[in-house]
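Trainee: Here you go, work.cif (mmCIF, C-alpha atoms):
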```
data_structure
#
loop_
_atom_site.label_atom_id
_atom_site.label_comp_id
_atom_site.auth_asym_id
_atom_site.auth_seq_id
_atom_site.Cartn_x
_atom_site.Cartn_y
_atom_site.Cartn_z
CA MET B 264 -2.10 27.46 13.58
CA LYS B 265 -5.17 25.28 13.75
CA ARG B 266 -6.23 24.29 17.22
CA LYS B 267 -6.52 20.55 17.71
CA HIS B 268 -10.04 19.33 18.32
CA ASN B 269 -10.35 16.87 21.19
CA PRO B 270 -13.63 14.95 20.95
CA ARG B 271 -15.71 15.03 24.08
CA SER B 272 -16.15 11.80 25.98
CA LEU B 273 -19.46 10.01 25.60
CA ILE B 274 -19.45 9.13 29.31
CA ILE B 275 -19.16 12.26 31.43
CA HIS B 276 -19.11 10.63 34.90
CA ARG B 277 -19.21 7.17 36.43
CA LEU B 278 -19.83 5.72 39.86
CA GLU B 279 -18.79 2.09 40.16
CA ASN B 280 -19.11 -0.83 42.55
CA ILE B 281 -21.38 0.86 45.10
CA SER B 282 -22.98 -1.53 47.57
CA LYS B 283 -26.73 -1.71 48.08
CA THR B 284 -26.21 -1.01 51.77
CA LEU B 285 -24.30 2.18 51.02
CA PHE B 286 -26.93 3.26 48.52
CA LYS B 287 -29.74 2.81 51.03
CA LYS B 288 -27.90 4.62 53.81
CA TYR B 289 -26.57 7.54 51.76
CA TYR B 290 -29.21 7.76 49.06
CA ASP B 291 -29.56 11.54 49.40
CA SER B 292 -25.83 12.17 48.93
CA ILE B 293 -25.56 9.83 45.96
CA THR B 294 -28.59 11.24 44.19
CA GLN B 295 -27.32 14.75 44.77
CA LEU B 296 -24.16 13.83 42.89
CA ILE B 297 -26.07 12.16 40.07
CA GLY B 298 -28.76 14.77 39.63
CA SER B 299 -31.28 14.02 36.91
CA SER B 300 -28.70 12.86 34.37
CA PRO B 301 -29.52 10.15 31.83
CA GLY B 302 -27.33 7.10 31.61
CA ILE B 303 -26.67 3.38 31.87
CA TYR B 304 -26.61 1.38 35.07
CA ALA B 305 -25.51 -2.15 35.94
CA LEU B 306 -26.64 -4.32 38.85
CA TYR B 307 -24.29 -6.99 40.19
CA ASP B 308 -24.80 -10.05 42.33
CA GLU B 309 -21.44 -9.86 44.09
CA ASN B 310 -18.97 -10.04 41.16
CA GLU B 311 -21.45 -11.34 38.58
CA LEU B 312 -23.28 -8.96 36.26
CA TYR B 313 -26.99 -9.45 36.85
CA TYR B 314 -28.82 -6.70 34.98
CA VAL B 315 -28.13 -3.81 32.59
CA GLY B 316 -30.58 -0.97 32.12
CA LYS B 317 -30.98 2.61 30.98
CA SER B 318 -32.83 5.59 32.35
CA THR B 319 -33.33 9.29 31.74
CA ASP B 320 -33.35 9.67 35.55
CA LEU B 321 -30.84 7.30 37.11
CA LYS B 322 -31.42 8.16 40.75
CA ARG B 323 -35.07 7.16 40.56
CA ARG B 324 -34.48 4.02 38.53
CA VAL B 325 -31.88 2.50 40.86
CA ARG B 326 -34.08 3.20 43.89
CA TYR B 327 -36.97 1.55 42.06
CA HIS B 328 -34.89 -1.63 41.75
CA LEU B 329 -34.73 -1.84 45.54
CA ARG B 330 -38.42 -2.77 45.54
CA ASP B 331 -39.18 -4.52 42.23
CA ARG B 332 -38.52 -8.15 41.19
CA HIS B 333 -34.77 -7.47 41.08
CA GLY B 334 -34.61 -6.24 44.67
CA ALA B 335 -33.29 -9.47 46.18
CA SER B 336 -30.96 -10.27 43.25
CA TRP B 337 -28.29 -7.57 43.39
CA THR B 338 -25.71 -6.46 45.93
CA HIS B 339 -23.80 -3.72 44.09
CA PHE B 340 -24.38 -1.28 41.25
CA SER B 341 -22.51 1.01 38.85
CA LEU B 342 -23.75 4.15 37.12
CA TYR B 343 -22.51 5.75 33.89
CA LEU B 344 -23.76 9.24 33.06
CA ILE B 345 -24.09 9.73 29.31
CA ARG B 346 -23.56 13.09 27.63
CA LYS B 347 -26.37 12.71 25.10
CA ILE B 348 -29.60 10.90 25.84
CA ALA B 349 -29.88 9.85 22.19
CA HIS B 350 -27.11 7.26 22.71
CA ILE B 351 -28.42 5.35 25.72
CA ASN B 352 -30.71 2.97 23.78
CA GLU B 353 -27.92 1.70 21.56
CA ILE B 354 -25.42 1.45 24.43
CA GLU B 355 -27.87 -0.58 26.50
CA SER B 356 -28.60 -2.84 23.53
CA LEU B 357 -24.89 -3.43 22.91
CA LEU B 358 -24.13 -4.29 26.53
CA VAL B 359 -27.06 -6.68 26.90
CA ARG B 360 -26.22 -8.47 23.64
CA ILE B 361 -22.58 -8.91 24.64
CA ALA B 362 -22.96 -9.79 28.34
CA ASN B 363 -26.42 -11.45 28.25
CA PRO B 364 -27.15 -10.78 31.96
CA LYS B 365 -29.58 -13.28 33.47
CA GLY B 366 -31.80 -10.50 34.86
CA ASN B 367 -32.56 -9.08 31.39
CA ARG B 368 -35.51 -11.04 30.07
CA ILE B 369 -35.74 -9.07 26.83
CA VAL B 370 -32.76 -8.34 24.56
CA PRO B 371 -33.07 -4.84 23.00
CA LYS B 372 -33.05 -4.93 19.21
CA GLY B 373 -30.72 -2.06 18.41
CA ARG B 374 -30.18 -0.77 14.88
CA GLY B 375 -28.91 -2.09 11.59
CA SER B 376 -28.25 -5.71 12.50
CA SER B 377 -30.67 -7.07 9.90
CA GLU B 378 -29.01 -5.11 7.09
CA LEU B 379 -25.54 -6.44 7.88
CA LEU B 380 -26.83 -10.00 8.15
CA ARG B 381 -28.65 -9.69 4.84
CA ASP B 382 -25.54 -8.32 3.13
CA LEU B 383 -23.40 -11.09 4.65
CA LYS B 384 -25.79 -13.75 3.35
CA MET B 385 -25.60 -12.24 -0.15
CA MET B 386 -21.79 -12.17 -0.05
CA VAL B 387 -21.55 -15.77 1.16
CA LYS B 388 -24.06 -16.92 -1.46
CA LYS B 389 -22.04 -15.22 -4.21
CA ARG B 390 -18.78 -16.76 -3.00
CA GLN B 391 -20.36 -20.21 -2.80
CA GLN B 392 -21.69 -19.87 -6.34
CA GLU B 393 -18.25 -18.86 -7.61
CA GLU B 394 -16.63 -21.80 -5.80
CA PHE B 395 -19.25 -24.18 -7.19
CA GLU B 396 -18.68 -22.97 -10.76
CA GLU B 397 -14.92 -23.22 -10.35
CA MET B 398 -15.10 -26.80 -9.04
CA PHE B 399 -17.29 -28.02 -11.90
CA ALA B 400 -15.90 -25.91 -14.72
CA LYS B 401 -12.96 -28.21 -15.53
CA THR B 402 -14.86 -30.25 -18.11
CA GLY B 403 -16.16 -27.14 -19.80
CA ARG B 404 -12.70 -25.61 -19.96
CA GLN B 405 -11.27 -28.74 -21.53
CA LYS B 406 -13.93 -28.68 -24.23
CA ARG B 407 -13.28 -25.03 -25.02
CA ILE B 408 -9.54 -25.64 -25.15
CA SER B 409 -9.95 -28.53 -27.57
CA ARG B 410 -11.94 -26.34 -29.97
CA SER B 411 -9.80 -23.22 -29.59
CA PRO B 412 -6.73 -22.56 -31.73
CA VAL B 413 -4.34 -22.36 -28.78
CA ARG B 414 -0.64 -23.12 -28.77
CA ARG B 415 0.12 -26.78 -28.09
CA ASN B 416 3.91 -26.88 -28.18
CA LEU B 417 6.56 -25.20 -26.07
CA LYS B 418 9.00 -24.31 -28.82
CA GLY B 419 9.53 -20.55 -29.07
CA LEU B 420 7.28 -19.84 -26.09
CA VAL B 421 10.22 -18.20 -24.27
CA SER B 422 13.29 -16.47 -25.63
CA LYS B 423 15.67 -17.59 -22.89
CA ARG B 424 16.05 -20.23 -20.19
CA THR B 425 13.04 -19.62 -17.94
CA PRO B 426 12.38 -21.09 -14.48
CA LEU B 427 9.09 -22.89 -13.81
CA TYR B 428 7.82 -23.26 -10.27
CA ARG B 429 5.17 -25.13 -8.33
CA THR B 430 4.43 -25.83 -4.66
CA TYR B 431 2.66 -29.15 -4.26
CA LYS B 432 1.70 -30.80 -0.96
CA GLY B 433 4.03 -28.52 0.95
CA ARG B 434 7.08 -29.08 -1.27
CA GLU B 435 8.59 -26.67 -3.78
CA TYR B 436 9.50 -27.83 -7.27
CA LYS B 437 11.57 -26.01 -9.90
CA ALA B 438 12.10 -26.78 -13.57
CA TYR B 439 13.49 -24.87 -16.57
CA LEU B 440 11.88 -24.19 -19.93
CA LEU B 441 14.29 -23.70 -22.86
CA PRO B 442 13.58 -21.72 -26.06
CA SER B 443 13.81 -25.03 -27.95
CA GLY B 444 10.65 -26.20 -26.15
CA ILE B 445 12.41 -28.63 -23.80
CA ILE B 446 11.66 -28.68 -20.06
CA LYS B 447 14.52 -29.78 -17.82
CA PHE B 448 13.44 -31.23 -14.49
CA ARG B 449 15.38 -33.47 -12.10
CA GLY B 450 18.03 -34.17 -14.68
CA LYS B 451 15.52 -35.30 -17.32
CA LYS B 452 14.14 -33.66 -20.46
CA PHE B 453 10.44 -33.39 -21.29
CA THR B 454 8.73 -32.14 -24.43
CA THR B 455 5.42 -31.31 -22.71
CA PRO B 456 4.64 -29.59 -19.39
CA SER B 457 2.22 -32.39 -18.47
CA ALA B 458 4.94 -35.02 -18.70
CA ALA B 459 7.09 -33.04 -16.26
CA ALA B 460 4.12 -32.44 -13.95
CA LYS B 461 3.30 -36.17 -13.76
CA ILE B 462 6.64 -36.75 -12.03
CA VAL B 463 5.42 -34.48 -9.21
CA VAL B 464 1.77 -35.51 -8.78
CA GLN B 465 2.31 -39.21 -9.53
CA ARG B 466 -0.88 -39.41 -11.60
CA ARG B 467 -1.57 -40.52 -15.16
CA THR B 468 -3.31 -37.31 -16.14
CA VAL B 469 -2.51 -33.72 -15.19
CA ASP B 470 -2.76 -30.44 -17.07
CA GLY B 471 0.84 -29.31 -17.06
CA TRP B 472 0.02 -26.00 -18.69
CA ARG B 473 -2.05 -25.09 -15.64
CA PHE B 474 0.22 -26.89 -13.17
CA TRP B 475 3.43 -24.92 -13.67
CA TYR B 476 3.85 -21.25 -12.80
CA THR B 477 6.37 -18.70 -14.01
CA LYS B 478 6.85 -14.93 -14.03
CA ASP B 479 5.66 -12.78 -16.91
CA SER B 480 7.36 -9.65 -18.29
CA ASN B 481 5.88 -7.60 -15.43
CA GLY B 482 7.28 -9.92 -12.79
CA ASP B 483 3.84 -11.29 -11.86
CA TRP B 484 3.23 -14.97 -11.17
CA VAL B 485 1.17 -16.55 -13.97
CA LYS B 486 0.30 -20.04 -15.10
CA LEU B 487 2.29 -21.41 -18.00
CA SER B 488 -0.94 -21.53 -20.02
CA ASP B 489 -1.17 -17.73 -19.80
CA LEU B 490 2.03 -17.37 -21.85
CA ARG B 491 0.56 -19.09 -24.88
CA LYS B 492 -2.44 -16.78 -25.25
#
```
Please render this file's structure as structure tokens.

Mentor:
Amino acid sequence: MKRKHNPRSLIIHRLENISKTLFKKYYDSITQLIGSSPGIYALYDENELYYVGKSTDLKRRVRYHLRDRHGASWTHFSLYLIRKIAHINEIESLLVRIANPKGNRIVPKGRGSSELLRDLKMMVKKRQQEEFEEMFAKTGRQKRISRSPVRRNLKGLVSKRTPLYRTYKGREYKAYLLPSGIIKFRGKKFTTPSAAAKIVVQRRTVDGWRFWYTKDSNGDWVKLSDLRK
């Protein structure tokens, strides 16, 4: 039997919510526990995160912050010992970007953000171009349809009574197309899909072939115009 592999934790030890007073008084004991481990530390002003930093020697770095410009700005601290020093730069960058502590004047850059943003811009640009072409392609499609030898009547399009569907402005509509080419809708008979569609949209012009939907032989939803190809 294969032995299950349990991944090792990235954080090997943590020491949280230690007061500045306790750190000053028992510095030797705390640093003995920490050793020379690398890691991430956080300084708090009471309950508010004030500063996030990294160090390859945490015990020296926190003591340094007792005397530098941050000395009067924090009351508590937390330490997180990291297993591999190679990760601390990215962890620090992530925390600063998310929390934006007021004591961090410079936001670490981190890796890969520019590539994702560039790819996102390309994807959005492509989608916008597709949407633009779709919005303004109606005239072009009508011209192509008028010149193409496509089917213009409904007779023989289906071999049996076939339901037609459409959801319009939140309401569902259902009609039936007969093999004879007649559409039955709301007790009336129509010889063209556009005439039946006008009852729904209440407009003078509408492309009924593209308005109504039905199911093809595979059970997929398709526009009525797809059946005449």

Trainee: Could you give me, as a list of chain:residue names, the residues within 8 Å of Arg429 (chain B), counting all atoms listed in the file and dropping anything in the same chain fewer than 5 positions from it?

Mentor: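 What passes the distance filter is B:Glu435, B:Tyr436, B:Lys437, B:Phe474, B:Trp475, B:Tyr476.
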
Trainee: Taking the file above as input, evaluate the PyMOL selection byres ((chain B and resi 346-358) around 12) and report the hits as a ChimeraX atom specification.

Mentor: /B:271-277,299-305,312-321,343-345,359-364,367,369-376

Trainee: What does the distance from CA of Asp483 (chain B) to CA of Gly471 (chain B) come to in Å, to one decimal?

Mentor: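 About the pair CA of Asp483 (chain B) and CA of Gly471 (chain B): they are 19.0 Å apart.
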
Trainee: Once the PyMOL selection byres ((chain B and resi 454-458) around 10) has been evaluated on this model, what residues remain selected, and can you format them as an mmCIF file with C-alpha atoms, in the coordinates of the input?

Mentor:
```
data_model
loop_
_atom_site.group_PDB
_atom_site.id
_atom_site.type_symbol
_atom_site.label_atom_id
_atom_site.label_comp_id
_atom_site.auth_asym_id
_atom_site.auth_seq_id
_atom_site.Cartn_x
_atom_site.Cartn_y
_atom_site.Cartn_z
ATOM 1 C CA ARG B 415 0.120 -26.780 -28.090
ATOM 2 C CA ASN B 416 3.910 -26.880 -28.180
ATOM 3 C CA LEU B 417 6.560 -25.200 -26.070
ATOM 4 C CA LYS B 418 9.000 -24.310 -28.820
ATOM 5 C CA LEU B 427 9.090 -22.890 -13.810
ATOM 6 C CA ALA B 438 12.100 -26.780 -13.570
ATOM 7 C CA LEU B 440 11.880 -24.190 -19.930
ATOM 8 C CA SER B 443 13.810 -25.030 -27.950
ATOM 9 C CA GLY B 444 10.650 -26.200 -26.150
ATOM 10 C CA ILE B 445 12.410 -28.630 -23.800
ATOM 11 C CA ILE B 446 11.660 -28.680 -20.060
ATOM 12 C CA LYS B 447 14.520 -29.780 -17.820
ATOM 13 C CA LYS B 452 14.140 -33.660 -20.460
ATOM 14 C CA PHE B 453 10.440 -33.390 -21.290
ATOM 15 C CA ALA B 459 7.090 -33.040 -16.260
ATOM 16 C CA ALA B 460 4.120 -32.440 -13.950
ATOM 17 C CA LYS B 461 3.300 -36.170 -13.760
ATOM 18 C CA ILE B 462 6.640 -36.750 -12.030
ATOM 19 C CA VAL B 463 5.420 -34.480 -9.210
ATOM 20 C CA ARG B 467 -1.570 -40.520 -15.160
ATOM 21 C CA THR B 468 -3.310 -37.310 -16.140
ATOM 22 C CA VAL B 469 -2.510 -33.720 -15.190
ATOM 23 C CA ASP B 470 -2.760 -30.440 -17.070
ATOM 24 C CA GLY B 471 0.840 -29.310 -17.060
ATOM 25 C CA TRP B 472 0.020 -26.000 -18.690
ATOM 26 C CA ARG B 473 -2.050 -25.090 -15.640
ATOM 27 C CA PHE B 474 0.220 -26.890 -13.170
ATOM 28 C CA TRP B 475 3.430 -24.920 -13.670
ATOM 29 C CA LEU B 487 2.290 -21.410 -18.000
ATOM 30 C CA SER B 488 -0.940 -21.530 -20.020
#
```

Trainee: Mind telling me what the PyMOL selection byres ((chain B and resi 341) around 7) catches here, as a VMD selection string?

Mentor: chain B and resid 278 to 281 304 to 306 340 342 to 343

Trainee: Between B:Thr338, B:Thr477, B:Thr284, B:Gln295, which one has atoms that come closest to Glu309 (chain B), using only C-alpha atoms?

Mentor: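 Closest residue, counting only C-alpha atoms: B:Thr338.
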
Trainee: List as a PDB file with C-alpha atoms, keeping the file's coordinate frame the residues having at least one atom at most 10 Å from position (-31.2, -10.7, 42.8) as given in the file, counting all atoms listed in the file.

Mentor:
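Final output, saved to selection-v3.pdb:
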```pdb
ATOM      1  CA  LEU B 306     -26.640  -4.320  38.850  1.00  0.00           C
ATOM      2  CA  TYR B 307     -24.290  -6.990  40.190  1.00  0.00           C
ATOM      3  CA  ASP B 308     -24.800 -10.050  42.330  1.00  0.00           C
ATOM      4  CA  GLU B 309     -21.440  -9.860  44.090  1.00  0.00           C
ATOM      5  CA  TYR B 313     -26.990  -9.450  36.850  1.00  0.00           C
ATOM      6  CA  TYR B 314     -28.820  -6.700  34.980  1.00  0.00           C
ATOM      7  CA  HIS B 328     -34.890  -1.630  41.750  1.00  0.00           C
ATOM      8  CA  LEU B 329     -34.730  -1.840  45.540  1.00  0.00           C
ATOM      9  CA  ARG B 332     -38.520  -8.150  41.190  1.00  0.00           C
ATOM     10  CA  HIS B 333     -34.770  -7.470  41.080  1.00  0.00           C
ATOM     11  CA  GLY B 334     -34.610  -6.240  44.670  1.00  0.00           C
ATOM     12  CA  ALA B 335     -33.290  -9.470  46.180  1.00  0.00           C
ATOM     13  CA  SER B 336     -30.960 -10.270  43.250  1.00  0.00           C
ATOM     14  CA  TRP B 337     -28.290  -7.570  43.390  1.00  0.00           C
ATOM     15  CA  THR B 338     -25.710  -6.460  45.930  1.00  0.00           C
ATOM     16  CA  LYS B 365     -29.580 -13.280  33.470  1.00  0.00           C
ATOM     17  CA  GLY B 366     -31.800 -10.500  34.860  1.00  0.00           C
TER      18      GLY B 366
END
```

Trainee: Write out as a ChimeraX atom specification each polymer residue whose atoms come within 12 Å of Ser480 (chain B), counting only C-alpha atoms; drop sequence neighbours fewer than 2 positions from it.

Mentor: /B:421-422,425,477-478,482-485,489-490

Trainee: Between CA of Tyr290 (chain B) and CA of Arg368 (chain B), measure the distance and give it in Å to one decimal.

Mentor: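 That distance, rounded to one decimal, is 27.5 Å.
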
Trainee: Would you work out the distance separating CA of Glu397 (chain B) from CA of Asn481 (chain B), expressed in Å to one decimal?

Mentor: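 Calculated distance between CA of Glu397 (chain B) and CA of Asn481 (chain B) is 26.5 Å.
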